[in-house]
$ cat model_8.cif   # mmCIF, C-alpha atoms
data_target
loop_
_atom_site.label_atom_id
_atom_site.label_comp_id
_atom_site.auth_asym_id
_atom_site.auth_seq_id
_atom_site.Cartn_x
_atom_site.Cartn_y
_atom_site.Cartn_z
CA MET B 1 156.96 105.04 93.82
CA GLU B 2 154.79 102.01 94.16
CA LEU B 3 152.68 103.15 91.24
CA LYS B 4 155.79 103.70 89.16
CA ASN B 5 156.99 100.19 89.82
CA LYS B 6 153.62 98.82 88.96
CA ALA B 7 153.61 100.75 85.71
CA THR B 8 157.03 99.37 84.80
CA VAL B 9 155.94 95.84 85.57
CA SER B 10 152.80 96.31 83.49
CA ALA B 11 154.76 97.83 80.63
CA LEU B 12 157.03 94.80 80.67
CA GLY B 13 153.95 92.66 80.84
CA VAL B 14 152.72 94.27 77.66
CA ALA B 15 156.03 93.83 75.86
CA PHE B 16 156.42 90.20 76.83
CA ALA B 17 152.78 89.25 77.03
CA ALA B 18 153.24 86.70 74.31
CA LEU B 19 155.92 84.98 76.37
CA LEU B 20 154.46 85.34 79.84
CA VAL B 21 150.76 84.79 79.34
CA PRO B 22 150.41 81.02 79.15
CA GLY B 23 147.25 81.15 77.08
CA LEU B 24 149.04 83.15 74.42
CA LEU B 25 151.89 80.72 73.87
CA ALA B 26 151.74 79.90 70.19
CA GLY B 27 150.17 76.48 69.99
CA GLY B 28 151.57 75.60 73.40
CA GLU B 29 149.90 74.29 76.51
CA ALA B 30 149.03 76.64 79.34
CA LEU B 31 151.64 76.68 82.09
CA ALA B 32 149.22 77.49 84.89
CA LEU B 33 145.45 77.63 85.14
CA PRO B 34 142.93 79.10 87.55
CA GLU B 35 142.06 76.74 90.39
CA GLY B 36 139.35 74.27 89.46
CA ILE B 37 139.67 74.94 85.74
CA GLU B 38 141.05 72.62 83.08
CA THR B 39 141.00 74.97 80.14
CA VAL B 40 140.65 78.67 79.40
CA LYS B 41 140.22 78.19 75.67
CA VAL B 42 137.61 76.21 73.80
CA ALA B 43 136.47 75.89 70.20
CA PRO B 44 133.01 77.21 69.28
CA THR B 45 130.50 74.41 68.92
CA SER B 46 128.08 76.11 66.54
CA LYS B 47 128.94 77.06 62.96
CA ASP B 48 127.41 80.52 63.19
CA HIS B 49 129.58 81.51 66.15
CA PRO B 50 131.35 84.83 65.44
CA LEU B 51 134.65 83.80 67.10
CA ASP B 52 137.28 81.31 65.92
CA GLU B 53 138.29 80.49 69.46
CA ILE B 54 136.62 81.25 72.77
CA LEU B 55 139.03 82.66 75.33
CA SER B 56 138.37 83.30 79.00
CA GLY B 57 139.11 86.81 80.26
CA TRP B 58 141.87 85.16 82.31
CA HIS B 59 143.90 84.95 79.09
CA PHE B 60 144.19 88.69 78.80
CA ARG B 61 145.25 89.52 82.35
CA SER B 62 148.76 90.06 83.64
CA PRO B 63 150.64 87.16 85.28
CA GLU B 64 150.25 88.95 88.64
CA THR B 65 146.47 89.05 88.29
CA GLN B 66 146.35 85.48 87.04
CA ALA B 67 148.36 84.32 90.02
CA LEU B 68 145.62 85.48 92.39
CA GLN B 69 143.24 83.05 90.76
CA GLU B 70 145.59 80.08 90.83
CA ASP B 71 144.83 79.50 94.47
CA ASP B 72 141.52 79.95 96.32
CA PHE B 73 143.40 81.08 99.43
CA GLU B 74 144.89 83.96 97.48
CA ASN B 75 141.67 84.82 95.64
CA PRO B 76 140.11 87.82 97.43
CA ALA B 77 136.65 86.91 96.08
CA PHE B 78 136.52 83.94 98.46
CA LEU B 79 135.59 86.27 101.30
CA TRP B 80 132.20 86.50 99.59
CA VAL B 81 132.04 82.79 98.80
CA GLU B 82 132.52 82.00 102.48
CA GLN B 83 129.84 84.45 103.44
CA GLY B 84 127.53 82.87 100.89
CA GLU B 85 128.17 79.47 102.41
CA GLU B 86 127.01 80.78 105.79
CA LEU B 87 123.92 82.38 104.29
CA TRP B 88 123.03 79.12 102.51
CA SER B 89 121.93 77.54 105.79
CA THR B 90 120.69 80.73 107.48
CA VAL B 91 116.96 80.57 108.16
CA GLU B 92 115.08 83.72 107.19
CA GLY B 93 111.52 84.76 106.34
CA ALA B 94 108.00 83.79 107.38
CA ALA B 95 108.29 80.26 105.98
CA ASN B 96 111.14 79.58 108.40
CA LYS B 97 113.42 78.23 105.72
CA SER B 98 116.97 78.57 104.45
CA CYS B 99 118.32 77.69 101.00
CA SER B 100 119.45 74.35 102.37
CA SER B 101 115.92 73.49 103.53
CA CYS B 102 115.03 72.76 99.91
CA HIS B 103 118.39 72.42 98.18
CA ASP B 104 120.37 70.45 100.80
CA ASP B 105 124.04 70.22 99.96
CA ALA B 106 124.91 72.94 97.44
CA SER B 107 127.98 71.07 96.19
CA GLU B 108 125.58 68.48 94.78
CA THR B 109 122.41 70.44 94.01
CA MET B 110 124.18 73.47 92.49
CA ALA B 111 126.87 71.50 90.63
CA THR B 112 125.60 72.58 87.21
CA ALA B 113 123.02 75.35 87.84
CA GLY B 114 125.62 78.10 87.63
CA ALA B 115 126.56 77.08 84.09
CA ASN B 116 123.02 77.20 82.72
CA MET B 117 121.84 80.68 83.64
CA PRO B 118 119.96 82.66 82.48
CA LYS B 119 117.30 79.94 82.28
CA TRP B 120 113.67 79.95 81.19
CA ASN B 121 111.21 80.28 84.07
CA GLU B 122 107.80 78.99 83.07
CA ALA B 123 105.97 80.56 86.02
CA LEU B 124 107.36 84.03 85.28
CA GLY B 125 107.16 83.63 81.52
CA LYS B 126 110.67 84.99 81.10
CA PRO B 127 114.28 83.95 81.65
CA VAL B 128 115.88 84.51 85.03
CA ASN B 129 119.53 84.83 85.87
CA LEU B 130 121.15 83.59 89.05
CA GLU B 131 120.55 86.77 91.05
CA GLN B 132 116.90 86.80 90.05
CA GLN B 133 116.45 83.10 90.82
CA ILE B 134 117.97 83.57 94.29
CA ASN B 135 115.57 86.41 95.00
CA HIS B 136 112.65 84.48 93.53
CA CYS B 137 113.38 81.67 96.00
CA ARG B 138 113.63 84.17 98.83
CA THR B 139 110.30 85.87 98.17
CA GLU B 140 108.30 82.81 97.03
CA ARG B 141 109.73 79.92 99.09
CA MET B 142 111.26 81.57 102.13
CA GLU B 143 108.78 84.45 102.26
CA ALA B 144 111.72 86.72 102.98
CA ASP B 145 112.62 90.08 101.44
CA ALA B 146 114.51 90.10 98.18
CA TRP B 147 118.13 91.19 98.44
CA LYS B 148 119.08 94.39 96.71
CA TRP B 149 121.11 94.16 93.55
CA GLU B 150 124.84 94.47 94.31
CA SER B 151 124.21 94.04 98.07
CA THR B 152 126.84 92.07 99.95
CA GLN B 153 124.35 89.24 100.55
CA LEU B 154 123.28 88.87 96.94
CA LEU B 155 126.88 89.02 95.72
CA ALA B 156 127.91 86.48 98.35
CA MET B 157 125.13 84.03 97.49
CA THR B 158 125.68 84.42 93.74
CA ALA B 159 129.40 83.82 94.16
CA TYR B 160 128.81 80.81 96.41
CA VAL B 161 126.24 79.16 94.17
CA ARG B 162 128.14 79.76 90.95
CA ASN B 163 131.35 78.53 92.53
CA GLN B 164 129.63 75.15 93.07
CA SER B 165 129.44 74.89 89.28
CA ARG B 166 133.07 75.79 88.75
CA GLY B 167 134.64 73.82 85.90
CA GLU B 168 131.25 73.07 84.37
CA PRO B 169 131.02 74.19 80.72
CA VAL B 170 128.71 77.14 80.13
CA ALA B 171 125.56 75.85 78.40
CA VAL B 172 122.60 78.17 78.02
CA GLN B 173 119.41 77.47 76.12
CA THR B 174 118.93 79.82 73.18
CA ASP B 175 116.05 78.20 71.31
CA GLY B 176 112.34 77.82 72.10
CA PRO B 177 111.04 80.58 74.36
CA MET B 178 114.61 81.84 74.85
CA LYS B 179 114.96 82.70 71.15
CA PRO B 180 113.49 86.24 71.26
CA TRP B 181 115.63 87.05 74.31
CA PHE B 182 118.70 85.75 72.53
CA GLU B 183 117.92 87.89 69.48
CA LYS B 184 117.31 90.94 71.63
CA GLY B 185 120.65 90.39 73.41
CA LYS B 186 122.41 90.02 70.07
CA ASP B 187 120.84 93.23 68.86
CA ILE B 188 122.06 95.12 71.94
CA TYR B 189 125.54 93.60 71.53
CA TYR B 190 125.90 94.98 68.01
CA THR B 191 124.18 98.35 68.48
CA ARG B 192 126.47 101.36 68.76
CA VAL B 193 125.63 103.64 71.66
CA GLY B 194 126.94 106.65 73.52
CA GLN B 195 128.90 109.71 72.54
CA LEU B 196 131.85 107.46 71.61
CA ASP B 197 129.45 105.56 69.35
CA MET B 198 130.61 102.03 70.07
CA ALA B 199 128.94 98.64 70.41
CA CYS B 200 130.13 95.72 72.57
CA SER B 201 131.35 94.18 69.31
CA SER B 202 133.47 97.23 68.41
CA CYS B 203 135.99 96.30 71.11
CA HIS B 204 135.32 92.73 72.20
CA GLU B 205 134.85 91.11 68.82
CA GLY B 206 137.06 93.26 66.63
CA TYR B 207 140.01 94.05 68.88
CA TYR B 208 140.34 91.55 71.71
CA GLY B 209 143.95 90.98 72.72
CA GLN B 210 144.86 94.56 71.80
CA GLN B 211 145.97 97.17 74.25
CA ILE B 212 143.56 100.06 74.90
CA ARG B 213 145.82 102.39 76.82
CA ALA B 214 146.59 100.57 80.12
CA ASP B 215 144.01 97.83 79.60
CA ARG B 216 144.04 94.81 77.34
CA LEU B 217 140.74 94.13 75.64
CA SER B 218 139.19 90.73 76.31
CA GLN B 219 136.42 88.91 74.48
CA GLY B 220 134.05 90.07 77.18
CA GLN B 221 133.37 86.53 78.37
CA THR B 222 131.10 86.11 81.38
CA ASN B 223 132.18 82.75 82.84
CA GLY B 224 134.11 84.41 85.68
CA PHE B 225 131.24 86.45 87.15
CA PRO B 226 130.66 87.49 89.80
CA THR B 227 134.25 88.68 89.60
CA TYR B 228 136.65 90.42 91.94
CA ARG B 229 137.98 93.51 90.16
CA PHE B 230 140.92 95.59 91.35
CA LYS B 231 139.12 98.63 90.04
CA TRP B 232 136.17 97.92 92.36
CA GLN B 233 138.24 96.60 95.25
CA LYS B 234 135.45 94.06 95.70
CA ILE B 235 133.38 91.48 93.93
CA GLY B 236 130.75 92.67 91.48
CA SER B 237 127.99 91.38 89.24
CA LEU B 238 128.02 91.02 85.47
CA HIS B 239 125.34 93.69 85.18
CA ARG B 240 127.52 96.11 87.10
CA ARG B 241 130.28 95.40 84.58
CA PHE B 242 127.89 95.98 81.66
CA LYS B 243 126.93 99.28 83.20
CA GLY B 244 130.56 100.32 83.56
CA CYS B 245 131.26 99.58 79.90
CA MET B 246 128.27 101.68 78.82
CA LYS B 247 129.36 104.56 81.02
CA ASN B 248 132.85 104.38 79.53
CA ILE B 249 131.43 104.98 76.08
CA ARG B 250 129.32 107.81 77.49
CA ALA B 251 126.00 106.03 77.04
CA THR B 252 123.02 105.94 79.37
CA PRO B 253 123.35 102.45 80.84
CA TYR B 254 120.45 100.04 81.20
CA LYS B 255 119.55 99.23 84.79
CA VAL B 256 121.03 96.28 86.64
CA GLY B 257 118.48 93.47 86.56
CA SER B 258 116.72 95.00 83.53
CA ASP B 259 115.34 92.90 80.69
CA GLU B 260 117.94 94.49 78.39
CA PHE B 261 120.88 93.35 80.53
CA LEU B 262 119.21 89.97 81.05
CA ALA B 263 119.00 89.53 77.26
CA LEU B 264 122.62 90.68 76.91
CA GLU B 265 123.65 88.26 79.67
CA LEU B 266 122.04 85.41 77.75
CA TYR B 267 123.68 86.40 74.47
CA THR B 268 127.14 86.91 75.97
CA ALA B 269 126.85 83.59 77.84
CA TRP B 270 126.20 81.94 74.47
CA ARG B 271 129.32 83.62 73.05
CA GLY B 272 131.21 81.75 75.78
CA GLN B 273 129.33 78.45 75.38
CA GLY B 274 131.62 75.58 76.43
CA LEU B 275 134.00 77.70 78.49
CA PRO B 276 134.24 76.35 82.06
CA VAL B 277 132.65 78.46 84.80
CA GLU B 278 135.48 80.21 86.65
CA ALA B 279 133.47 82.13 89.23
CA PRO B 280 134.64 83.92 91.20
CA ALA B 281 137.40 85.15 88.90
CA VAL B 282 139.94 87.90 89.55
CA ARG B 283 140.24 90.62 86.95
CA GLN B 284 141.78 94.04 86.49
CA MET R 1 148.83 109.23 95.29
CA GLN R 2 145.18 110.00 94.71
CA SER R 3 145.61 113.64 95.72
CA ARG R 4 148.62 114.07 93.48
CA HIS R 5 146.59 112.71 90.65
CA THR R 6 143.76 115.14 91.39
CA THR R 7 146.14 118.06 91.60
CA GLY R 8 147.55 117.02 88.25
CA LEU R 9 144.09 116.97 86.77
CA LYS R 10 143.25 120.39 88.15
CA LEU R 11 146.47 121.81 86.79
CA PHE R 12 145.74 120.11 83.52
CA ALA R 13 142.24 121.56 83.45
CA SER R 14 143.43 125.10 84.14
CA LEU R 15 146.16 124.81 81.51
CA GLY R 16 143.45 123.65 79.16
CA ALA R 17 141.22 126.59 79.94
CA LEU R 18 144.20 128.88 79.52
CA ALA R 19 145.06 127.37 76.17
CA VAL R 20 141.50 127.78 74.97
CA SER R 21 141.31 131.39 76.08
CA ILE R 22 144.62 132.14 74.39
CA GLY R 23 143.22 130.53 71.26
CA PHE R 24 140.24 132.84 71.41
CA ALA R 25 142.29 135.94 72.09
CA ALA R 26 144.74 135.25 69.31
CA GLY R 27 142.57 134.29 66.37
CA ALA R 28 138.90 134.18 67.03
CA VAL R 29 136.78 136.94 65.67
CA ALA R 30 133.77 134.91 64.58
CA ALA R 31 132.29 132.03 66.55
CA PRO R 32 133.48 128.56 65.53
CA ILE R 33 131.36 126.69 63.00
CA ALA R 34 128.63 124.56 64.62
CA PRO R 35 129.07 120.77 64.35
CA GLN R 36 125.94 120.34 62.20
CA ASP R 37 127.17 122.98 59.71
CA VAL R 38 130.53 121.35 59.01
CA LYS R 39 130.75 120.00 55.44
CA ILE R 40 133.13 117.23 54.48
CA VAL R 41 133.94 117.32 50.75
CA ASP R 42 136.20 114.72 49.10
CA HIS R 43 137.11 113.36 52.54
CA LYS R 44 138.49 116.68 53.71
CA ILE R 45 137.67 119.95 55.47
CA ASP R 46 140.03 122.60 54.21
CA ALA R 47 139.02 125.53 56.40
CA SER R 48 139.81 125.77 60.09
CA LEU R 49 136.74 125.20 62.27
CA THR R 50 137.55 128.36 64.20
CA GLY R 51 139.00 130.45 61.40
CA ALA R 52 142.37 130.34 63.16
CA ALA R 53 145.28 127.93 63.33
CA GLY R 54 145.54 125.64 66.34
CA ASN R 55 148.16 125.57 69.06
CA VAL R 56 150.64 122.67 68.90
CA GLU R 57 151.37 122.52 72.64
CA ALA R 58 147.68 122.53 73.55
CA GLY R 59 147.11 119.87 70.88
CA LYS R 60 149.59 117.60 72.65
CA LYS R 61 147.58 117.91 75.83
CA TRP R 62 144.27 117.06 74.19
CA PHE R 63 145.98 114.18 72.41
CA LYS R 64 147.02 112.43 75.61
CA GLY R 65 144.42 113.78 78.03
CA ARG R 66 142.10 110.95 79.08
CA LYS R 67 139.18 113.35 79.49
CA ALA R 68 139.95 115.13 76.22
CA GLY R 69 140.85 113.37 72.97
CA ASN R 70 142.55 110.42 74.66
CA CYS R 71 144.04 109.60 71.26
CA LEU R 72 146.78 107.62 72.98
CA ALA R 73 144.16 105.11 74.17
CA CYS R 74 144.07 103.65 70.68
CA HIS R 75 147.13 104.99 68.82
CA GLU R 76 150.83 104.56 69.34
CA ASN R 77 152.85 107.75 69.00
CA SER R 78 156.66 107.67 69.25
CA ASP R 79 156.71 111.42 69.82
CA MET R 80 155.18 110.65 73.23
CA ALA R 81 157.49 107.78 74.11
CA SER R 82 157.75 109.02 77.70
CA GLU R 83 154.01 108.37 78.22
CA ALA R 84 153.22 104.87 79.51
CA PHE R 85 150.63 102.77 77.71
CA HIS R 86 150.05 103.49 74.05
CA GLY R 87 147.03 101.82 72.49
CA GLU R 88 147.10 99.28 69.69
CA ILE R 89 143.61 99.65 68.30
CA GLY R 90 144.25 102.16 65.52
CA PRO R 91 147.33 102.63 63.33
CA SER R 92 150.46 104.25 64.74
CA LEU R 93 150.41 108.00 64.21
CA ASP R 94 154.13 108.18 63.50
CA GLY R 95 154.49 110.11 60.27
CA VAL R 96 150.75 110.72 59.98
CA ALA R 97 151.32 114.19 58.50
CA GLY R 98 153.03 112.51 55.56
CA ARG R 99 150.04 110.27 54.92
CA TYR R 100 147.21 112.80 55.21
CA SER R 101 146.82 116.45 54.32
CA GLU R 102 145.70 118.97 56.92
CA GLY R 103 142.18 118.95 55.46
CA GLN R 104 142.02 115.16 55.63
CA LEU R 105 143.27 115.08 59.23
CA ARG R 106 140.60 117.61 60.19
CA ALA R 107 137.87 115.58 58.48
CA ILE R 108 139.00 112.34 60.16
CA LEU R 109 138.88 114.01 63.56
CA VAL R 110 135.52 115.67 62.98
CA ASN R 111 133.74 112.63 61.57
CA SER R 112 135.86 109.52 61.09
CA LYS R 113 132.91 107.62 59.61
CA ALA R 114 132.59 110.06 56.71
CA VAL R 115 136.18 109.26 55.75
CA PHE R 116 136.77 105.62 56.77
CA GLY R 117 133.20 104.32 56.48
CA GLY R 118 130.61 103.33 59.06
CA GLU R 119 132.49 100.29 60.32
CA THR R 120 135.38 102.17 61.90
CA ILE R 121 135.67 102.01 65.68
CA MET R 122 137.09 105.55 65.77
CA PRO R 123 134.82 108.08 67.50
CA SER R 124 133.83 111.30 65.75
CA PHE R 125 135.20 114.17 67.81
CA TYR R 126 133.17 117.07 66.46
CA ARG R 127 129.67 115.69 66.02
CA ALA R 128 126.78 115.98 68.47
CA ASN R 129 123.62 113.95 69.09
CA PHE R 130 124.08 111.48 66.27
CA GLY R 131 124.04 108.23 68.27
CA HIS R 132 121.78 106.18 70.51
CA ARG R 133 121.46 106.45 74.29
CA ILE R 134 123.98 109.26 74.67
CA ALA R 135 124.43 109.96 78.40
CA LYS R 136 122.64 113.08 79.60
CA SER R 137 125.83 114.87 80.55
CA PHE R 138 127.10 114.53 76.97
CA LYS R 139 123.89 115.57 75.20
CA ASP R 140 124.41 118.42 72.70
CA LYS R 141 128.15 118.14 73.26
CA THR R 142 131.05 117.17 71.05
CA ILE R 143 133.99 115.15 72.39
CA LEU R 144 136.36 118.01 71.55
CA SER R 145 135.58 121.68 70.99
CA ALA R 146 136.34 123.30 67.63
CA GLU R 147 139.42 124.94 69.20
CA GLN R 148 140.62 121.62 70.55
CA VAL R 149 140.19 119.95 67.15
CA GLU R 150 142.31 122.70 65.58
CA ASP R 151 144.95 122.28 68.29
CA VAL R 152 145.12 118.53 67.65
CA VAL R 153 145.30 119.12 63.88
CA ALA R 154 148.19 121.52 64.48
CA TYR R 155 149.94 118.92 66.61
CA LEU R 156 149.37 116.07 64.13
CA LYS R 157 150.88 118.22 61.39
CA THR R 158 154.17 118.10 63.33
CA LEU R 159 154.26 114.29 63.10
CA GLY R 160 156.09 114.15 59.80
CA GLU R 161 158.27 111.43 58.29
#

$ encode --input "model_8.cif" --output "structure tokens"
Amino acid sequence: MELKNKATVSALGVAFAALLVPGLLAGGEALALPEGIETVKVAPTSKDHPLDEILSGWHFRSPETQALQEDDFENPAFLWVEQGEELWSTVEGAANKSCSSCHDDASETMATAGANMPKWNEALGKPVNLEQQINHCRTERMEADAWKWESTQLLAMTAYVRNQSRGEPVAVQTDGPMKPWFEKGKDIYYTRVGQLDMACSSCHEGYYGQQIRADRLSQGQTNGFPTYRFKWQKIGSLHRRFKGCMKNIRATPYKVGSDEFLALELYTAWRGQGLPVEAPAVRQ
Amino acid sequence: MQSRHTTGLKLFASLGALAVSIGFAAGAVAAPIAPQDVKIVDHKIDASLTGAAGNVEAGKKWFKGRKAGNCLACHENSDMASEAFHGEIGPSLDGVAGRYSEGQLRAILVNSKAVFGGETIMPSFYRANFGHRIAKSFKDKTILSAEQVEDVVAYLKTLGE
């Protein structure tokens, strides 16, 4: 019964999406926005950008899903943010340090960091994303064990840190040493894979806004990650989402934390350049 | 809810198996043509992949089945108005039998790219091992079997003007 009702509501949502989804009002202003966010739609800044307008995934969700992100008290992802806040000042490892030992008040020191990842790391000679930077700090500075990918702790810390940068426009470096990583990410984005023979671009560039059975295709923007998904019933990383997409098209996914997903993370972040960080978002 | 869903799937799977075995019993003398041997000429495949005509009712099931053709994921179809959630990616299939011949429909299903060109998002339902990074469990496999393709062709032929 409950499912039936939900289906009816969603079907209505589909029919009246143009009226109900604020972002889709023709030329109009958004009626409501996610907490801490001033816009969910920006214009591309570079001429060679493949999209005419950059739209947050929030645009494409139902009013019910959007409502959960209008208020941090309603947003289920804040369970992880709170846990991350606790971990920030928890001393661990042989060096007897916590994150706050070096970085003090995260609201100040992490105010933009979450908008600029992945970022070039000179010592490692490669870019690192937020998860990798957190673990790099743990092993090198704290002399503690790295957290496992998708562990509660790593998700919590990623959500907490990125939430400090909420509202900050996404701005990743794509030139200099980042250039080959950017090109590699672009190549992965446009390469068809899997038995269904589709690339990221097949759906997220060509058909965003369209219904694919019960789901509405988004532009695949990354500004909301880590994101709480109903499908997962918890918060999850961007790489987990990449993996899910690849499995859906019956491809062998790359590994979470792999260079391939790192390159794809960089490229997809660039596709959302200028969009405010929304993390942690709520999605379907 | 979950268990009802699973039961539905099981029922669906056994109906599917039944439909396939009926298909075999009724028409099949020779084995179906292998995916790599199928020839598309002038954007069509005139001969049945199995040598027999498909089953309309089974075709309906493959059409909407999420683990089968899942055609409804991308195409609207008024004939299935009772099903929730029709996709908007491809064109509506209302009246598709009036727009394409049987041979053309078969060719589009088998290898959409040979008919619409390489840019189409539509998967090819009777091709194997042509892409990159195909998941292990789908290696050497086509999305639909030859029998299932024929069933879907038979169903599509009922979607007239």

$ residues_around --input "model_8.cif" --residues "Val153 (chain R)" --least-positions-apart "6" --cutoff "7 Å" --atoms "all atoms listed in the file" --output "PyMOL selection string"
chain R and resi 54+102+105-106

$ resolve_selection --input "model_8.cif" --expression "the PyMOL selection byres ((chain B and resi 219) around 12)" --output "PyMOL selection string"
chain B and resi 41+50-61+200-210+216-218+220-223+268-269+271-272

$ interface_residues --input "model_8.cif" --of "chain R" --to "chain B" --cutoff "9 Å" --atoms "all atoms listed in the file" --output "VMD selection string"
chain R and resid 1 70 72 to 75 84 to 89 119 to 125 127 to 139 141 to 143

$ resolve_selection --input "model_8.cif" --expression "the PyMOL selection byres ((chain B and resi 81-96) around 8)" --output "PyMOL selection string"
chain B and resi 77-80+97-101+138+141-145+153+156-161+163

$ residues_around --input "model_8.cif" --residues "Thr50 (chain R)" --least-positions-apart "4" --cutoff "8 Å" --atoms "all atoms listed in the file" --output "PDB file with C-alpha atoms, in the coordinates of the input"
ATOM      1  CA  ALA R  28     138.900 134.180  67.030  1.00  0.00           C
ATOM      2  CA  ALA R  30     133.770 134.910  64.580  1.00  0.00           C
ATOM      3  CA  ALA R  31     132.290 132.030  66.550  1.00  0.00           C
ATOM      4  CA  PRO R  32     133.480 128.560  65.530  1.00  0.00           C
ATOM      5  CA  ILE R  33     131.360 126.690  63.000  1.00  0.00           C
ATOM      6  CA  ALA R 146     136.340 123.300  67.630  1.00  0.00           C
ATOM      7  CA  GLU R 147     139.420 124.940  69.200  1.00  0.00           C
ATOM      8  CA  GLU R 150     142.310 122.700  65.580  1.00  0.00           C
TER       9      GLU R 150
END

$ resolve_selection --input "model_8.cif" --expression "the PyMOL selection byres ((chain B and resi 33) around 12)" --output "count of residues only"
30

$ closest_residue --input "model_8.cif" --among "R:Asn55, R:Gln104, R:Ser78, R:Asn111" --to "Tyr155 (chain R)" --atoms "all atoms listed in the file"
R:Asn55

$ closest_residue --input "model_8.cif" --among "R:Gly65, R:Gly51, R:Pro91, R:Gly98" --to "Thr158 (chain R)" --atoms "only C-alpha atoms"
R:Gly98

$ build_atoms --input "model_8.cif" --residues "region 135-146 of chain B" --atoms "N, CA and C atoms" --output "PDB file, keeping the file's coordinate frame"
ATOM      1  N   ASN B 135     116.600  85.557  94.403  1.00  0.00           N
ATOM      2  CA  ASN B 135     115.570  86.410  95.000  1.00  0.00           C
ATOM      3  C   ASN B 135     114.165  85.836  94.837  1.00  0.00           C
ATOM      4  N   HIS B 136     113.943  85.141  93.733  1.00  0.00           N
ATOM      5  CA  HIS B 136     112.650  84.480  93.530  1.00  0.00           C
ATOM      6  C   HIS B 136     112.423  83.428  94.624  1.00  0.00           C
ATOM      7  N   CYS B 137     113.457  82.657  94.910  1.00  0.00           N
ATOM      8  CA  CYS B 137     113.380  81.670  96.000  1.00  0.00           C
ATOM      9  C   CYS B 137     113.116  82.362  97.332  1.00  0.00           C
ATOM     10  N   ARG B 138     113.790  83.463  97.544  1.00  0.00           N
ATOM     11  CA  ARG B 138     113.630  84.170  98.830  1.00  0.00           C
ATOM     12  C   ARG B 138     112.194  84.657  99.016  1.00  0.00           C
ATOM     13  N   THR B 139     111.646  85.301  97.988  1.00  0.00           N
ATOM     14  CA  THR B 139     110.300  85.870  98.170  1.00  0.00           C
ATOM     15  C   THR B 139     109.211  84.792  98.103  1.00  0.00           C
ATOM     16  N   GLU B 140     109.363  83.804  97.210  1.00  0.00           N
ATOM     17  CA  GLU B 140     108.300  82.810  97.030  1.00  0.00           C
ATOM     18  C   GLU B 140     108.381  81.639  98.004  1.00  0.00           C
ATOM     19  N   ARG B 141     109.578  81.119  98.235  1.00  0.00           N
ATOM     20  CA  ARG B 141     109.730  79.920  99.090  1.00  0.00           C
ATOM     21  C   ARG B 141     109.992  80.276 100.542  1.00  0.00           C
ATOM     22  N   MET B 142     110.878  81.225 100.740  1.00  0.00           N
ATOM     23  CA  MET B 142     111.260  81.570 102.130  1.00  0.00           C
ATOM     24  C   MET B 142     110.335  82.631 102.718  1.00  0.00           C
ATOM     25  N   GLU B 143     109.611  83.319 101.848  1.00  0.00           N
ATOM     26  CA  GLU B 143     108.780  84.450 102.260  1.00  0.00           C
ATOM     27  C   GLU B 143     109.634  85.494 103.003  1.00  0.00           C
ATOM     28  N   ALA B 144     110.793  85.706 102.455  1.00  0.00           N
ATOM     29  CA  ALA B 144     111.720  86.720 102.980  1.00  0.00           C
ATOM     30  C   ALA B 144     111.831  87.858 101.966  1.00  0.00           C
ATOM     31  N   ASP B 145     112.431  88.962 102.365  1.00  0.00           N
ATOM     32  CA  ASP B 145     112.620  90.080 101.440  1.00  0.00           C
ATOM     33  C   ASP B 145     113.678  89.735 100.395  1.00  0.00           C
ATOM     34  N   ALA B 146     113.484  90.260  99.216  1.00  0.00           N
ATOM     35  CA  ALA B 146     114.510  90.100  98.180  1.00  0.00           C
ATOM     36  C   ALA B 146     115.741  90.918  98.587  1.00  0.00           C
TER      37      ALA B 146
END
